[in-house]
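So this one's query_31.pdb, PDB, C-alpha atoms:
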MODEL        1
ATOM      1  CA  ASP U   4      14.732 -30.317  -2.750
ATOM      2  CA  GLN U   5      12.298 -32.185  -0.491
ATOM      3  CA  GLY U   6      12.224 -29.370   2.061
ATOM      4  CA  ASP U   7      11.283 -26.792  -0.566
ATOM      5  CA  ALA U   8       8.654 -29.106  -2.016
ATOM      6  CA  ALA U   9       7.104 -29.739   1.389
ATOM      7  CA  GLY U  10       7.082 -26.021   2.193
ATOM      8  CA  LEU U  11       5.460 -25.170  -1.131
ATOM      9  CA  ALA U  12       2.861 -27.888  -0.673
ATOM     10  CA  GLU U  13       1.949 -26.469   2.729
ATOM     11  CA  ILE U  14       1.585 -22.952   1.301
ATOM     12  CA  ILE U  15      -0.534 -24.199  -1.594
ATOM     13  CA  GLU U  16      -2.800 -26.182   0.716
ATOM     14  CA  GLY U  17      -3.352 -23.166   2.948
ATOM     15  CA  ALA U  18      -4.035 -20.821   0.054
ATOM     16  CA  GLU U  19      -6.412 -23.261  -1.619
ATOM     17  CA  ARG U  20      -8.411 -23.454   1.616
ATOM     18  CA  LEU U  21      -8.890 -19.693   1.189
ATOM     19  CA  GLY U  22     -10.179 -20.048  -2.325
ATOM     20  CA  GLY U  23      -7.007 -19.971  -4.436
ATOM     21  CA  VAL U  24      -6.507 -21.927  -7.644
ATOM     22  CA  PHE U  25      -3.077 -23.429  -8.398
ATOM     23  CA  HIS U  26      -1.619 -25.130 -11.457
ATOM     24  CA  THR U  27       1.782 -25.931 -12.919
ATOM     25  CA  GLY U  28       2.217 -22.979 -15.254
ATOM     26  CA  GLY U  29       1.066 -19.434 -15.880
ATOM     27  CA  ILE U  30      -0.885 -17.021 -13.750
ATOM     28  CA  VAL U  31      -4.074 -18.150 -12.091
ATOM     29  CA  GLY U  32      -6.816 -15.867 -10.900
ATOM     30  CA  ALA U  33      -8.882 -16.162  -7.760
ATOM     31  CA  ASP U  34     -11.595 -18.762  -7.470
ATOM     32  CA  GLU U  35     -14.675 -16.801  -6.460
ATOM     33  CA  ASN U  36     -16.321 -19.528  -4.443
ATOM     34  CA  ASP U  37     -18.283 -19.654  -1.214
ATOM     35  CA  ARG U  38     -15.243 -20.486   0.896
ATOM     36  CA  THR U  39     -13.467 -17.258  -0.013
ATOM     37  CA  GLY U  40     -16.601 -15.270   0.716
ATOM     38  CA  ALA U  41     -17.019 -16.995   4.049
ATOM     39  CA  ARG U  42     -13.427 -16.265   5.045
ATOM     40  CA  ARG U  43     -13.835 -12.648   4.027
ATOM     41  CA  ASP U  44     -16.982 -12.281   6.096
ATOM     42  CA  GLN U  45     -15.431 -13.933   9.165
ATOM     43  CA  ARG U  46     -12.405 -11.670   9.134
ATOM     44  CA  GLY U  47     -14.225  -8.464   8.263
ATOM     45  CA  GLY U  48     -12.072  -7.712   5.219
ATOM     46  CA  ILE U  49     -11.096  -8.804   1.719
ATOM     47  CA  LEU U  50      -8.268 -11.305   1.424
ATOM     48  CA  GLY U  51      -5.660 -11.171  -1.326
ATOM     49  CA  ILE U  52      -2.786 -13.643  -1.793
ATOM     50  CA  GLY U  53       0.043 -13.822  -4.320
ATOM     51  CA  ILE U  54       2.633 -16.620  -4.390
ATOM     52  CA  HIS U  55       5.434 -17.105  -6.932
ATOM     53  CA  HIS U  56       7.578 -20.236  -6.667
ATOM     54  CA  LEU U  57      11.005 -19.137  -7.914
ATOM     55  CA  GLU U  58      12.331 -22.592  -8.819
ATOM     56  CA  THR U  59       9.377 -23.634 -11.002
ATOM     57  CA  GLY U  60       7.771 -20.336 -11.959
ATOM     58  CA  ARG U  61       4.412 -21.579 -10.715
ATOM     59  CA  GLU U  62       2.085 -18.958  -9.298
ATOM     60  CA  LEU U  63      -1.031 -18.799  -7.184
ATOM     61  CA  TYR U  64      -3.339 -15.828  -6.686
ATOM     62  CA  VAL U  65      -6.436 -15.142  -4.652
ATOM     63  CA  ARG U  66      -8.076 -11.977  -6.006
ATOM     64  CA  GLY U  67      -5.028 -11.481  -8.164
ATOM     65  CA  ASP U  68      -6.571  -8.679 -10.241
ATOM     66  CA  ASP U  69      -7.975  -6.678  -7.317
ATOM     67  CA  ARG U  70      -6.163  -3.557  -6.124
ATOM     68  CA  PHE U  71      -4.971  -3.403  -2.507
ATOM     69  CA  PRO U  72      -3.063  -0.807  -0.474
ATOM     70  CA  MET U  73       0.573  -1.847  -0.876
ATOM     71  CA  ALA U  74       1.690  -1.029   2.659
ATOM     72  CA  SER U  75       5.346  -1.969   3.154
ATOM     73  CA  SER U  76       5.589  -4.020  -0.039
ATOM     74  CA  PHE U  77       6.209  -0.733  -1.873
ATOM     75  CA  LYS U  78       9.634  -0.602  -0.219
ATOM     76  CA  VAL U  79      10.966  -3.167  -2.715
ATOM     77  CA  PRO U  80      10.352  -0.896  -5.751
ATOM     78  CA  VAL U  81      12.047   1.939  -3.847
ATOM     79  CA  ALA U  82      15.099  -0.297  -3.416
ATOM     80  CA  VAL U  83      15.056  -1.201  -7.119
ATOM     81  CA  GLN U  84      15.174   2.444  -8.198
ATOM     82  CA  LEU U  85      17.760   3.314  -5.557
ATOM     83  CA  LEU U  86      20.089   0.499  -6.631
ATOM     84  CA  THR U  87      19.596   1.508 -10.260
ATOM     85  CA  LEU U  88      21.007   4.926  -9.373
ATOM     86  CA  VAL U  89      23.914   3.185  -7.622
ATOM     87  CA  ASP U  90      24.611   1.101 -10.750
ATOM     88  CA  GLN U  91      24.517   4.280 -12.840
ATOM     89  CA  GLY U  92      27.055   5.941 -10.574
ATOM     90  CA  LYS U  93      24.589   8.633  -9.500
ATOM     91  CA  LEU U  94      24.482   7.508  -5.869
ATOM     92  CA  ARG U  95      26.881   5.690  -3.547
ATOM     93  CA  LEU U  96      25.938   3.160  -0.914
ATOM     94  CA  ASP U  97      28.592   4.579   1.398
ATOM     95  CA  SER U  98      27.255   8.143   1.129
ATOM     96  CA  MET U  99      26.324   9.450   4.570
ATOM     97  CA  VAL U 100      22.916  10.940   5.361
ATOM     98  CA  THR U 101      22.426  13.115   8.448
ATOM     99  CA  LEU U 102      19.021  12.568  10.005
ATOM    100  CA  LYS U 103      16.886  15.576  10.875
ATOM    101  CA  PRO U 104      13.846  15.610  13.192
ATOM    102  CA  SER U 105      11.654  15.888  10.095
ATOM    103  CA  ASP U 106      13.116  12.585   8.805
ATOM    104  CA  LEU U 107      11.639  10.624  11.730
ATOM    105  CA  HIS U 108       8.243   9.263  10.767
ATOM    106  CA  PRO U 109       5.578   7.144  12.516
ATOM    107  CA  GLY U 110       5.012   3.445  12.077
ATOM    108  CA  SER U 111       7.310   0.469  11.901
ATOM    109  CA  GLY U 112      11.046   0.553  12.503
ATOM    110  CA  THR U 113      13.512   1.797  15.098
ATOM    111  CA  LEU U 114      14.913   5.124  13.886
ATOM    112  CA  THR U 115      12.097   7.254  15.268
ATOM    113  CA  SER U 116      12.198   5.690  18.733
ATOM    114  CA  LEU U 117      15.986   5.454  19.058
ATOM    115  CA  PHE U 118      17.290   8.577  17.359
ATOM    116  CA  ASP U 119      14.980  11.416  18.334
ATOM    117  CA  ASP U 120      17.873  13.844  18.863
ATOM    118  CA  PRO U 121      19.620  15.553  15.916
ATOM    119  CA  GLY U 122      23.122  14.559  14.877
ATOM    120  CA  VAL U 123      22.856  10.906  13.768
ATOM    121  CA  SER U 124      24.327  10.030  10.359
ATOM    122  CA  LEU U 125      23.801   6.737   8.533
ATOM    123  CA  SER U 126      25.030   5.485   5.196
ATOM    124  CA  VAL U 127      22.691   4.794   2.300
ATOM    125  CA  ARG U 128      23.561   1.124   2.791
ATOM    126  CA  ASN U 129      22.530   1.310   6.465
ATOM    127  CA  LEU U 130      19.219   2.928   5.511
ATOM    128  CA  LEU U 131      18.608   0.330   2.808
ATOM    129  CA  GLU U 132      19.169  -2.475   5.307
ATOM    130  CA  LEU U 133      16.815  -0.851   7.789
ATOM    131  CA  MET U 134      14.136  -0.459   5.117
ATOM    132  CA  LEU U 135      14.350  -4.031   3.817
ATOM    133  CA  LEU U 136      15.224  -5.995   6.962
ATOM    134  CA  ILE U 137      12.994  -4.370   9.583
ATOM    135  CA  SER U 138      10.686  -2.289   7.362
ATOM    136  CA  ASP U 139      11.755   1.017   8.903
ATOM    137  CA  ASN U 140       9.414   3.771   7.696
ATOM    138  CA  SER U 141      11.777   6.647   8.388
ATOM    139  CA  ALA U 142      14.558   4.993   6.392
ATOM    140  CA  THR U 143      12.089   4.299   3.593
ATOM    141  CA  ASP U 144      10.970   7.901   3.241
ATOM    142  CA  ILE U 145      14.568   9.131   3.231
ATOM    143  CA  LEU U 146      15.468   6.613   0.530
ATOM    144  CA  LEU U 147      12.361   7.426  -1.509
ATOM    145  CA  ARG U 148      13.553  11.019  -1.561
ATOM    146  CA  LEU U 149      17.098   9.965  -2.546
ATOM    147  CA  ALA U 150      15.660   7.736  -5.267
ATOM    148  CA  GLY U 151      14.033  10.766  -6.866
ATOM    149  CA  GLY U 152      10.490  10.333  -5.594
ATOM    150  CA  GLY U 153       7.550   8.205  -6.602
ATOM    151  CA  ASP U 154       7.475   9.300 -10.251
ATOM    152  CA  LEU U 155      10.983   7.969 -10.900
ATOM    153  CA  VAL U 156      10.266   4.772  -8.968
ATOM    154  CA  ASN U 157       7.158   4.197 -11.086
ATOM    155  CA  ALA U 158       9.055   5.006 -14.283
ATOM    156  CA  ARG U 159      11.672   2.411 -13.383
ATOM    157  CA  LEU U 160       8.984  -0.209 -12.786
ATOM    158  CA  ARG U 161       7.389   0.523 -16.159
ATOM    159  CA  ALA U 162      10.813   0.233 -17.820
ATOM    160  CA  LEU U 163      11.138  -3.222 -16.272
ATOM    161  CA  GLY U 164       7.698  -4.195 -17.539
ATOM    162  CA  VAL U 165       6.146  -4.225 -14.066
ATOM    163  CA  SER U 166       2.545  -3.046 -13.858
ATOM    164  CA  GLY U 167      -0.122  -3.012 -11.165
ATOM    165  CA  ILE U 168       2.074  -1.111  -8.698
ATOM    166  CA  SER U 169       2.014   2.618  -7.979
ATOM    167  CA  VAL U 170       4.320   4.397  -5.533
ATOM    168  CA  ASP U 171       2.714   7.803  -5.210
ATOM    169  CA  ARG U 172       3.498   9.006  -1.675
ATOM    170  CA  PRO U 173       5.806   8.333   1.292
ATOM    171  CA  THR U 174       4.874   6.116   4.208
ATOM    172  CA  VAL U 175       4.042   9.092   6.425
ATOM    173  CA  ALA U 176       1.355  10.140   3.940
ATOM    174  CA  LEU U 177       0.066   6.554   3.664
ATOM    175  CA  ILE U 178      -0.287   6.327   7.429
ATOM    176  CA  ALA U 179      -1.948   9.736   7.584
ATOM    177  CA  ASP U 180      -4.519   8.647   4.999
ATOM    178  CA  ALA U 181      -5.127   5.363   6.822
ATOM    179  CA  VAL U 182      -5.788   6.961  10.227
ATOM    180  CA  GLY U 183      -7.610  10.081   9.057
ATOM    181  CA  VAL U 184      -4.918  12.734   9.575
ATOM    182  CA  ARG U 185      -5.465  15.635   7.210
ATOM    183  CA  ASN U 186      -3.537  18.772   6.295
ATOM    184  CA  LEU U 187      -0.065  17.397   6.877
ATOM    185  CA  PRO U 188       2.583  20.127   6.819
ATOM    186  CA  PRO U 189       5.394  19.844   4.259
ATOM    187  CA  GLU U 190       7.534  16.792   4.974
ATOM    188  CA  SER U 191      10.498  19.047   5.805
ATOM    189  CA  GLU U 192       8.490  20.550   8.683
ATOM    190  CA  LEU U 193       6.889  17.400  10.085
ATOM    191  CA  THR U 194       8.093  15.891  13.370
ATOM    192  CA  PRO U 195       6.909  12.818  15.325
ATOM    193  CA  LYS U 196       5.445  15.122  17.982
ATOM    194  CA  GLY U 197       3.597  17.135  15.360
ATOM    195  CA  PHE U 198       2.163  14.022  13.730
ATOM    196  CA  GLY U 199       1.023  12.752  17.120
ATOM    197  CA  GLU U 200      -0.774  16.014  17.835
ATOM    198  CA  LEU U 201      -2.571  15.882  14.482
ATOM    199  CA  SER U 202      -3.515  12.237  15.041
ATOM    200  CA  ARG U 203      -5.083  12.977  18.435
ATOM    201  CA  LYS U 204      -7.370  15.552  16.814
ATOM    202  CA  VAL U 205      -8.961  12.933  14.554
ATOM    203  CA  THR U 206     -12.430  11.989  15.770
ATOM    204  CA  GLU U 207     -13.569   8.378  15.997
ATOM    205  CA  ASP U 208     -15.981   8.900  13.098
ATOM    206  CA  GLU U 209     -13.221  10.448  10.983
ATOM    207  CA  ARG U 210     -10.921   7.556  11.787
ATOM    208  CA  LYS U 211     -13.533   4.958  10.832
ATOM    209  CA  ALA U 212     -14.249   6.787   7.576
ATOM    210  CA  ALA U 213     -10.529   6.911   6.782
ATOM    211  CA  VAL U 214     -10.115   3.182   7.360
ATOM    212  CA  GLU U 215     -13.133   2.487   5.172
ATOM    213  CA  ALA U 216     -11.785   4.636   2.352
ATOM    214  CA  PHE U 217      -8.186   3.424   2.608
ATOM    215  CA  TYR U 218      -8.782  -0.304   2.789
TER     216      TYR U 218
ENDMDL
END
Hey, can you dump this file as structure tokens for me?
Amino acid sequence: DQGDAAGLAEIIEGAERLGGVFHTGGIVGADENDRTGARRDQRGGILGIGIHHLETGRELYVRGDDRFPMASSFKVPVAVQLLTLVDQGKLRLDSMVTLKPSDLHPGSGTLTSLFDDPGVSLSVRNLLELMLLISDNSATDILLRLAGGGDLVNARLRALGVSGISVDRPTVALIADAVGVRNLPPESELTPKGFGELSRKVTEDERKAAVEAFY
């Protein structure tokens, strides 16, 4: 409709200002022109954009073949594998999961800040909603475990013909790598307090080196 068309036009215009190339069919790579380089230099990083218009199938990419840290976008593949297990009858959405202190992880979401005492139980459906609606990291790592881990998530993606994505560690490990925390204890022994103590031991130079390596 006209609203969708106007919204798409606005997105395309913004992405093209950042160096993207758009056309009416197929996948388009990034236009390596001076504007993209200038934007990158101004912002102190490398910009990547991917847009897929569901109604027309048209796509736009800026640096579409470059690899980037996935951050919270990896939560969608976790959901795909989890729901596959539900479809196969191997997992139920109404199954209850009791949260332990070791299940509460740093970063985005509400579980860690609201439920820091043992005894809270949530359904798989509740955890899935928390992961997808508010990007809760604790819910994500619990669901990644229930989904069978990164290897099974990656295997499911390959079975669907999806490439260019690798889910190889939980969010707590991603955050640790990004901020320079080393020697994490086993996930079953990690608590928010313990992670905070490890994070405070990271020197400024170590933190800068971690950011450089991660991003």
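For the structure in this document, the set picked by the PyMOL selection byres ((chain U and resi 144) around 10) is Lys78, Val81, Asp106, Leu107, His108, Leu130, Met134, Asp139, Asn140, Ser141, Ala142, Thr143, Ile145, Leu146, Leu147, Arg148, Leu149, Ala150, Gly152, Arg172, Pro173, Thr174, Val175, Ala176 and Glu190 of chain U.
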Those same residues - C-alpha atoms - I'd like them written as a PDB file, in the coordinates of the input.
ATOM      1  CA  LYS U  78       9.634  -0.602  -0.219  1.00  0.00           C
ATOM      2  CA  VAL U  81      12.047   1.939  -3.847  1.00  0.00           C
ATOM      3  CA  ASP U 106      13.116  12.585   8.805  1.00  0.00           C
ATOM      4  CA  LEU U 107      11.639  10.624  11.730  1.00  0.00           C
ATOM      5  CA  HIS U 108       8.243   9.263  10.767  1.00  0.00           C
ATOM      6  CA  LEU U 130      19.219   2.928   5.511  1.00  0.00           C
ATOM      7  CA  MET U 134      14.136  -0.459   5.117  1.00  0.00           C
ATOM      8  CA  ASP U 139      11.755   1.017   8.903  1.00  0.00           C
ATOM      9  CA  ASN U 140       9.414   3.771   7.696  1.00  0.00           C
ATOM     10  CA  SER U 141      11.777   6.647   8.388  1.00  0.00           C
ATOM     11  CA  ALA U 142      14.558   4.993   6.392  1.00  0.00           C
ATOM     12  CA  THR U 143      12.089   4.299   3.593  1.00  0.00           C
ATOM     13  CA  ILE U 145      14.568   9.131   3.231  1.00  0.00           C
ATOM     14  CA  LEU U 146      15.468   6.613   0.530  1.00  0.00           C
ATOM     15  CA  LEU U 147      12.361   7.426  -1.509  1.00  0.00           C
ATOM     16  CA  ARG U 148      13.553  11.019  -1.561  1.00  0.00           C
ATOM     17  CA  LEU U 149      17.098   9.965  -2.546  1.00  0.00           C
ATOM     18  CA  ALA U 150      15.660   7.736  -5.267  1.00  0.00           C
ATOM     19  CA  GLY U 152      10.490  10.333  -5.594  1.00  0.00           C
ATOM     20  CA  ARG U 172       3.498   9.006  -1.675  1.00  0.00           C
ATOM     21  CA  PRO U 173       5.806   8.333   1.292  1.00  0.00           C
ATOM     22  CA  THR U 174       4.874   6.116   4.208  1.00  0.00           C
ATOM     23  CA  VAL U 175       4.042   9.092   6.425  1.00  0.00           C
ATOM     24  CA  ALA U 176       1.355  10.140   3.940  1.00  0.00           C
ATOM     25  CA  GLU U 190       7.534  16.792   4.974  1.00  0.00           C
TER      26      GLU U 190
END
Handout entry: Evaluate the PyMOL selection byres ((chain U and resi 187) around 12) and report residues as number ranges by chain
Key = U: 175-180, 183-186, 188-195, 197-202
Practice task
Go through U:Leu94, U:Leu131, U:Met99, U:Leu50 one by one, measure the shortest atom-to-atom distance of each to U:Phe71 using all atoms listed in the file, and give the residue with the smallest value.
Solution key: U:Leu50
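Of the listed residues U:Ser98, U:Thr87, U:Asn157, U:Ser169, the one whose atoms come nearest to U:Ser124 is U:Ser98, with distances taken using only C-alpha atoms.
The two atoms in question, atom CA of U:Leu125 and atom CA of U:Pro109, are spaced 18.7 Å apart.
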Practice task
Fewer than 4 positions away in the same chain doesn't count, so skip those; otherwise give me all residues within 10 Å of U:Leu155, counting all atoms listed in the file, as a list in words.
Solution key: Val81, Gln84, Leu85, Leu147, Ala150, Gly151, Arg159, Leu160, Arg161 and Val170 of chain U
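The nearest approach to U:Val65 among the residues U:Ile49, U:Val89, U:Val205, U:Phe77, with only C-alpha atoms taken into account, belongs to U:Ile49.
Atom CA of U:Leu133 is found 7.6 Å from atom CA of U:Gly112.
Distance check against U:Ala213 using all atoms listed in the file: of U:Ser138, U:Gly67, U:Ala181, U:Lys196, the minimum falls on U:Ala181.
Between atom CA of U:Ala162 and atom CA of U:Val83 lies a distance of 11.6 Å.
Of the residues listed (U:Thr206, U:Asn129, U:Ser76, U:Thr113), U:Asn129 shows the shortest atom-to-atom separation from U:Thr101; distances use all atoms listed in the file.
Using only C-alpha atoms, the shortest contact distance between U:Glu209 and any of U:Gly53, U:Leu114, U:Leu88, U:Val182 is found at U:Val182.
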